[in-house]
Amino acid sequence: MKVTNWCRKLMASLVAGGVMAPAAASALNLDTNLIANPGFESVDSGTVGVYNAPKILNWSGANAFAYSHNPALTGIPDYADGADPPNSGSWYFSANNNPGSATGDFRTPNQVYQDLNVSTGATGTQIGIGEAAYKLSAYMSSYLNDSDAGDVQLDFKNSGGTIIGSAIITDPDAGPNNVWSQTSKVGLVPTGTATIRASIFGTPVNGGADGYIDNVDVQLTAAANVMLFLEVNTTNGQVTLKNQTGAPVTLDYYEVTSATGALNSIAWNSLQEQNLSGFPAGNGSGNGWEQFGGSSSNVVGESYLTGSSAVVNNAAINLGAAFNVGGAHNLSFSYGALTSPGVNPTGDYNNDGVVNAADYVLWRKGGPLQNDPTPGVQPGDYTVWRANFSQTSGPSGPSTLVSGFVRYVTSGSGSGGAVPETTSVFLVGIGAAIVAVTGRRKPPGS
């Protein structure tokens, strides 16, 4: 089989191999944090705000100032709750420390931000083939007992500067028991994205927007590294659910849609019909996988109401000829993902799968502590334990809706070889010409 955008994959290989132009080859920044000064450690101590906080560098927009993790060193109070994040350094961002604004707050995006050019190199190639995913994370806390939250928003813009998609993470633990903890999100990067604007701000609940943020991380990666996908054979209509993330993905729901009726619900072979090991068929009571009512050429899907199933790494689950051969390549795929089994919660210091009194006893006795976000045994570990008390390991509901992606392939010739489409052959010729031109370049220094 071959991917219908075969030429683009060839281009990606050329870039990865250093054959393409130096400007493209120098931007191989997949799986790398694209944010400059993500921990706010680069500051201008000559420009200060409230509490003598220094100006944060590398972030555009209004002046933002850094609060201190280390009041003993700087004399600046540390108002954030909980033990410091890993590798937190000396400074963190507060949305409520801009004395130059009318409110003193950053409450909306586009005030403090970075614009990330992802149009060239490996990021541009991955976006171009429609298989780029973002990985967004940050550590967040808030002021004392306030319920103010920190926010990090990504706006995906095309080459004309128009926003074609957005993503946001907000501190989910904002409230009296809030402590420094990591919030993460993954999703597809819209095809056509040339620039990503990453904004940091806060949502006020009690007075100012005292949402605290540290260690902002924005990465682009191959979508198959972080999410399930459907492989659709446009020659025979076969649809296969695949997992290439490197770990099991536990799900309780999936749905495939087409706005133009490109699905074949009659030839779809659902999990309920197959009754595979680990994917039991339900009987209408929610005790296994059951098809949605009203399946059609526009939508097919099913769910496991009272349980879930793990799609193991490298799994390829055939769902039958659910694609109408000749139909539009506009399928959308989404699924409900649960926490992977075997991942014990933060605060489970004895690693038995539950945060309970035994973990408190271990902390009081001086450890050692497992599932601890900070090194060693510290007073703040008690706050972490209290905030996570009664949490358990393994899948827990409700599941998180994930937008997977769809990869279109075609069968090869009778001998099994890949036969590029006419347009791909033409583009391959262009690629060969580029290689030829590159080959005639003078070596450096000549």
# chains A, B, ... in the order shown; residues from 1 in each chain; ligands from 1
call {"tool": "select_by_dssp", "arguments": {"residues": "range 235-352 of chain A", "states": "strand (DSSP E or B)", "output": "ChimeraX atom specification"}}
result
/A:239-242,249-257,263,268,276,279,281,289-291,299-304,309-311,316-318,320,323,332-338
call {"tool": "closest_atom_pairs", "arguments": {"of": "range 100-154 of chain A", "to": "range 65-71 of chain A", "cutoff": "12 Å", "atoms": "only C-alpha atoms", "output": "tab-separated table"}}
result
residue	atom	partner	partner_atom	distance
A:Gly100	CA	A:Phe65	CA	11.0
A:Gly104	CA	A:Phe65	CA	11.3
A:Asp105	CA	A:Phe65	CA	11.3
A:Phe106	CA	A:Phe65	CA	11.2
A:Val112	CA	A:Phe65	CA	10.5
A:Ser142	CA	A:Tyr67	CA	11.9
A:Tyr143	CA	A:Tyr67	CA	11.6
call {"tool": "write_last_selection", "arguments": {"atoms": "N, CA and C atoms", "output": "short mmCIF file (atom, residue, chain, number, x, y, z; two decimals), in the first residue's frame"}}
result
data_model
loop_
_atom_site.label_atom_id
_atom_site.label_comp_id
_atom_site.auth_asym_id
_atom_site.auth_seq_id
_atom_site.Cartn_x
_atom_site.Cartn_y
_atom_site.Cartn_z
N GLY A 100 0.99 48.40 34.56
CA GLY A 100 0.74 49.33 33.48
C GLY A 100 -0.64 49.23 32.88
N GLY A 104 -4.56 45.74 36.08
CA GLY A 104 -3.45 45.02 36.67
C GLY A 104 -3.45 43.56 36.33
N ASP A 105 -4.34 43.15 35.42
CA ASP A 105 -4.48 41.72 35.10
C ASP A 105 -4.27 41.46 33.61
N PHE A 106 -3.86 40.22 33.32
CA PHE A 106 -3.91 39.69 31.96
C PHE A 106 -5.03 38.65 31.96
N VAL A 112 0.09 38.72 26.45
CA VAL A 112 1.44 38.20 26.65
C VAL A 112 1.52 36.92 25.82
N SER A 142 -2.19 28.78 42.11
CA SER A 142 -2.86 30.07 42.31
C SER A 142 -2.57 30.58 43.72
N TYR A 143 -3.10 31.75 44.01
CA TYR A 143 -2.79 32.48 45.23
C TYR A 143 -3.57 31.94 46.44
#
call {"tool": "residues_around", "arguments": {"residues": "Lys365 in chain A", "least_positions_apart": "5", "cutoff": "10 Å", "atoms": "only C-alpha atoms", "output": "list in words"}}
result
Asp359, Tyr360 and Val377 of chain A
call {"tool": "select_by_dssp", "arguments": {"residues": "range 248-315 of chain A", "states": "helix (DSSP H, G or I)", "output": "ChimeraX atom specification"}}
result
/A:271-274
call {"tool": "closest_residue", "arguments": {"among": "A:Ser303, A:Ser60, A:Asn371, A:Asn233", "to": "Ser270 in chain A", "atoms": "only C-alpha atoms"}}
result
A:Ser303
call {"tool": "closest_residue", "arguments": {"among": "A:Val218, A:Leu228, A:Val409, A:Val312", "to": "Tyr254 in chain A", "atoms": "only C-alpha atoms"}}
result
A:Leu228
call {"tool": "residues_around", "arguments": {"residues": "Thr108 in chain A", "least_positions_apart": "2", "cutoff": "9 Å", "atoms": "only C-alpha atoms", "output": "PyMOL selection string"}}
result
chain A and resi 105-106+110-112+151+199-203
call {"tool": "closest_residue", "arguments": {"among": "A:Ala316, A:Leu230, A:Val152, A:Leu188", "to": "Val216 in chain A", "atoms": "only C-alpha atoms"}}
result
A:Val152
call {"tool": "residues_around", "arguments": {"residues": "range 160-172 of chain A", "least_positions_apart": "4", "cutoff": "6 Å", "atoms": "only C-alpha atoms", "output": "list in words"}}
result
Met140, Ala149, Gly150, Asp151, Val152, Gln153, Leu154, Asp155 and Phe156 of chain A
call {"tool": "closest_residue", "arguments": {"among": "A:Ser265, A:Asn298, A:Asn287, A:Ser403", "to": "Tyr335 in chain A", "atoms": "only C-alpha atoms"}}
result
A:Ser403
call {"tool": "closest_residue", "arguments": {"among": "A:Val256, A:Ile196, A:Val361, A:Val299", "to": "Val239 in chain A", "atoms": "only C-alpha atoms"}}
result
A:Val256
call {"tool": "atom_distance", "arguments": {"atom1": "CA of Trp180 in chain A", "atom2": "CA of Phe93 in chain A"}}
result
12.6 Å
call {"tool": "atom_distance", "arguments": {"atom1": "CA of Thr221 in chain A", "atom2": "CA of Asn243 in chain A"}}
result
15.2 Å
call {"tool": "closest_residue", "arguments": {"among": "A:Asn33, A:Gln244, A:Thr195, A:Ser297", "to": "Ile266 in chain A", "atoms": "only C-alpha atoms"}}
result
A:Ser297
call {"tool": "atom_distance", "arguments": {"atom1": "CA of Ala281 in chain A", "atom2": "CA of Glu302 in chain A"}}
result
10.6 Å
call {"tool": "residues_around", "arguments": {"residues": "Ser159 in chain A", "least_positions_apart": "4", "cutoff": "9 Å", "atoms": "only C-alpha atoms", "output": "PyMOL selection string"}}
result
chain A and resi 119+192-195
